[in-house]
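A short worksheet on the structure shown next.
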Amino acid sequence: MDRTNEAELLHARVRIPSVSGSERALAGFLASRMSALGFRTPIDGADDVRGEVGGPD
């Protein structure tokens with residue numbers, strides 16, 4: 001990812017309201033972007049996103 005894309009990602013991210021307890025929209029946005037890069041992106045019950053790539057060791 002180049003610096004321009006990093007800045008665009010940051011700008012998009014900070015425009016999404018994500019106060020404590022209301023992170024679902026941000027989690028969905030980040031999961032979508034990571035999925036496009038080939039990550040599996042489970043979102044847990046606390047709306048935390050985990051990026052996974054590859055298989056179990």
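Each chain in the structure tokens gets a letter, A, B, ..., in the order shown, and its residues are numbered from 1; ligands are numbered from 1 in order too.
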
Polymer residues at most 8 Å from range 48-55 of chain A, only C-alpha atoms, same-chain spacing of 5 or more positions, as a VMD selection string: chain A and resid 27 30 to 31 34 38 to 43

Based on the selection just made, write all heavy atoms of those residues as a tab-separated table (two decimals), in the first residue's frame.
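File out.tsv, as written:
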```
chain	number	residue	atom	x	y	z
A	27	ALA	N	-16.17	-1.46	11.98
A	27	ALA	CA	-15.73	-2.85	11.84
A	27	ALA	C	-16.08	-3.39	10.45
A	27	ALA	O	-15.26	-4.05	9.80
A	27	ALA	CB	-16.36	-3.72	12.93
A	30	LEU	N	-13.68	-1.80	7.83
A	30	LEU	CA	-12.34	-2.38	7.88
A	30	LEU	C	-12.33	-3.82	7.39
A	30	LEU	O	-11.43	-4.24	6.67
A	30	LEU	CB	-11.77	-2.28	9.30
A	30	LEU	CG	-11.50	-0.87	9.79
A	30	LEU	CD1	-11.10	-0.88	11.25
A	30	LEU	CD2	-10.44	-0.20	8.93
A	31	ALA	N	-13.35	-4.59	7.76
A	31	ALA	CA	-13.43	-5.99	7.30
A	31	ALA	C	-13.54	-6.04	5.78
A	31	ALA	O	-12.90	-6.87	5.14
A	31	ALA	CB	-14.62	-6.69	7.96
A	34	MET	N	-10.09	-5.23	4.31
A	34	MET	CA	-9.14	-6.33	4.51
A	34	MET	C	-9.51	-7.54	3.65
A	34	MET	O	-8.64	-8.22	3.11
A	34	MET	CB	-9.06	-6.71	5.99
A	34	MET	CG	-8.36	-5.66	6.82
A	34	MET	SD	-8.00	-6.16	8.53
A	34	MET	CE	-9.61	-6.41	9.20
A	38	GLY	N	-7.47	-10.03	0.65
A	38	GLY	CA	-7.29	-11.47	0.81
A	38	GLY	C	-7.32	-12.01	2.23
A	38	GLY	O	-7.04	-13.18	2.45
A	39	PHE	N	-7.65	-11.18	3.18
A	39	PHE	CA	-7.74	-11.62	4.57
A	39	PHE	C	-9.11	-12.23	4.86
A	39	PHE	O	-10.11	-11.79	4.30
A	39	PHE	CB	-7.55	-10.44	5.53
A	39	PHE	CG	-6.16	-9.90	5.60
A	39	PHE	CD1	-5.73	-8.95	4.69
A	39	PHE	CD2	-5.28	-10.33	6.57
A	39	PHE	CE1	-4.45	-8.43	4.75
A	39	PHE	CE2	-3.99	-9.82	6.65
A	39	PHE	CZ	-3.57	-8.87	5.72
A	40	ARG	N	-9.15	-13.21	5.75
A	40	ARG	CA	-10.42	-13.61	6.37
A	40	ARG	C	-10.60	-12.61	7.50
A	40	ARG	O	-9.65	-12.27	8.20
A	40	ARG	CB	-10.32	-15.04	6.92
A	40	ARG	CG	-10.27	-16.09	5.83
A	40	ARG	CD	-10.26	-17.50	6.41
A	40	ARG	NE	-9.21	-17.71	7.42
A	40	ARG	CZ	-7.92	-17.92	7.15
A	40	ARG	NH1	-7.51	-17.95	5.89
A	40	ARG	NH2	-7.04	-18.12	8.11
A	41	THR	N	-11.83	-12.15	7.68
A	41	THR	CA	-12.02	-11.04	8.63
A	41	THR	C	-13.20	-11.29	9.56
A	41	THR	O	-14.25	-10.66	9.43
A	41	THR	CB	-12.23	-9.72	7.87
A	41	THR	OG1	-13.31	-9.89	6.96
A	41	THR	CG2	-11.00	-9.29	7.11
A	42	PRO	N	-13.03	-12.19	10.52
A	42	PRO	CA	-14.12	-12.36	11.48
A	42	PRO	C	-14.30	-11.11	12.35
A	42	PRO	O	-13.33	-10.44	12.69
A	42	PRO	CB	-13.66	-13.55	12.31
A	42	PRO	CG	-12.18	-13.61	12.16
A	42	PRO	CD	-11.88	-13.04	10.80
A	43	ILE	N	-15.55	-10.81	12.65
A	43	ILE	CA	-15.89	-9.73	13.57
A	43	ILE	C	-16.54	-10.37	14.78
A	43	ILE	O	-17.51	-11.11	14.66
A	43	ILE	CB	-16.86	-8.72	12.91
A	43	ILE	CG1	-16.23	-8.11	11.66
A	43	ILE	CG2	-17.25	-7.62	13.91
A	43	ILE	CD1	-17.18	-7.23	10.86
```

Point-to-point distance in Å for CA of Leu37 in chain A and CA of Thr4 in chain A: 16.6 Å
